[in-house]
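**Q** I have a structure here, written as structure tokens, and I will follow up with some questions on it.
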Amino acid sequence: MHIEQLEYIVKVAETGSISIAAQDLHVSQSGISQAITKLEEELGVKIFKRYRRLGAVPTEEGKTLIKKAYEVLLRLRDFKEEAQAYNTVLSRNLKLAAIPSFMMHLLEPVASFKNAYPNVNIEISEKGVQHIIEHVQNNEIDIGLITIYNDVFTKKENLIFDVLLEGKMKVYVSKKSPFALHKSITPQQLTTQNIILYSEDYMTRFVSNLISKVGPLNVLFTSNNTEVIKKAIVEGLGISFGPDFSLQHDPYVLSGDIVPLEIIQYDQVNVGVGWVRFENNHFSINTRKFLEHFKNHSRMLTQLAHNV
């Protein structure tokens, strides 16, 4: 078995044609055909059925083997890049996207990564979850950093999501609020308050679930500007929701101007934050090295949370 044979079956499966695969790989049709036949004979498994009109169609066994071949080729590419990294300085671009409430979590790992690899040009864009997913699927960014509520992304085909932080939703109120003294609030008490909502999919899902249990909420306004929301909370205009890790080290919370409250008498679903990528996208060495820095930062935040 040779690496070229694995490349051939993957390319033929992608194009559905030996002739097109031959053109893309700059080899002869007969060369690819003979290599695949030899591989089938060596393995004792028919990988493709060949049709005059339909072209090369993977068998059921072939589909499994082709997927394994693709994984082997990815690992080989990673191996080569890792080896090259020891002899070369990382360079080129690293394109990231994150939802607005997550941008603060990027600062330290980006600074750490940039200090380690100064020749890498980092581009960061602020987008909504759905736009990030579209850019990931279109291979326009290397990685998307998002927050999700419930298991919504496990239902999306070809997306891989890796949770880095996980927690519960909390209510955030001004230090002037009577609830600030109690450190907790019930779903029924929320119905008496003006609510300021962060405009994002996971928040919409959380609030919809809450409304289904307790009835309508008095939404004062909705915004995707986290600074505006925090300022409104400090001024006592309303209260808001957010994951417990989102404002844990925020200056307003640390100073006591904003007080986080536990939601009691209510069964919650975990909120996760992490990176999302398209299953078929290759992770560049830049992306993998950045994730090492990011995960180190996330572990530090988790340890701090446990010590609080």
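By order in the structure tokens, chains are A, B, ...; within a chain, residues start at 1; ligands start at 1, following the order shown.
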Neighbouring residues of region 214-222 of chain A were defined as those with any atom within 10 Å, considering only C-alpha atoms; residues of the same chain fewer than 5 positions away were excluded. Please report them as a list in words.
**A**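 That gives Pro187, Gln188, Gln189, Leu190, Thr191, Thr192, Gln193, Asn194, Ile195, Ile196, Leu197, Tyr198, Ser199, Glu200, Val207, Ser208, Asn209, Ile229, Leu237, Gly238, Ile239 and Ser240 of chain A.
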**Q** Please return, as an NGL selection string, all residues of region 105-269 of chain A that DSSP assigns to alpha helix (DSSP H) on the basis of the backbone.
**A** :A and (105-116 or 129-137 or 187-190 or 201-214 or 226-234 or 251-255)
**Q** Hey, which of A:Glu61, A:Leu261, A:Ser177, A:Leu6 ends up closest to Leu74 (chain A)? Count only C-alpha atoms.
**A**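 The answer is A:Leu6, which sits nearest to Leu74 (chain A).
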**Q** Could you state the separation of CA of Gly256 (chain A) and CA of Gly167 (chain A) in Å, given to one decimal place?
**A**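 We find that CA of Gly256 (chain A) and CA of Gly167 (chain A) lie 21.0 Å from each other.
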**Q** Using only C-alpha atoms, which residues sit within 12 Å of His105 (chain A) once same-chain residues fewer than 3 positions away are excluded, as a list in words?
**A**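 In the requested format, the answer is Ala98, Ile99, Pro100, Ser101, Phe102, Glu108, Pro109, Val110, Ala111, Leu145, Ile146, Thr147, Leu164, Leu165, Phe245, Ser246, Leu247, Gln248, His249, Asp250, Val273, Gly274, His293, Phe294, Lys295, His297, Ser298, Met300 and Leu301 of chain A.
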**Q** Report as a count of residues only: the residues of region 26-171 of chain A with a DSSP assignment of strand (DSSP E or B), based on the backbone of this structure.
**A** 39
**Q** Show which residues sit within 12 Å of Thr64 (chain A), as an MDAnalysis selection string. Count only C-alpha atoms, and ignore same-chain residues fewer than 6 positions away.
**A** chainID A and resid 9:10 13 45:48 58 70:71
**Q** With distances taken over only C-alpha atoms, which residue among A:Met203, A:Leu65, A:Leu76, A:Ile20 lies nearest Lys170 (chain A)?
**A**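 Residue with the minimum atom-to-atom distance to Lys170 (chain A): A:Met203.
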**Q** What is the CA of Phe278 (chain A) to CA of Leu159 (chain A) distance in Å?
**A**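 Atom-to-atom, CA of Phe278 (chain A) and CA of Leu159 (chain A) are spaced 4.8 Å apart.
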**Q** By how many Å are CA of Ser174 (chain A) and CA of Arg205 (chain A) apart?
**A**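 We find that CA of Ser174 (chain A) and CA of Arg205 (chain A) lie 24.2 Å from each other.
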**Q** For Ile132 (chain A), which of A:Gly236, A:Pro260, A:Gly31, A:Gly144 is the closest residue, counting only C-alpha atoms?
**A**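 Of A:Gly236, A:Pro260, A:Gly31, A:Gly144, the one nearest Ile132 (chain A), counting only C-alpha atoms, is A:Gly144.
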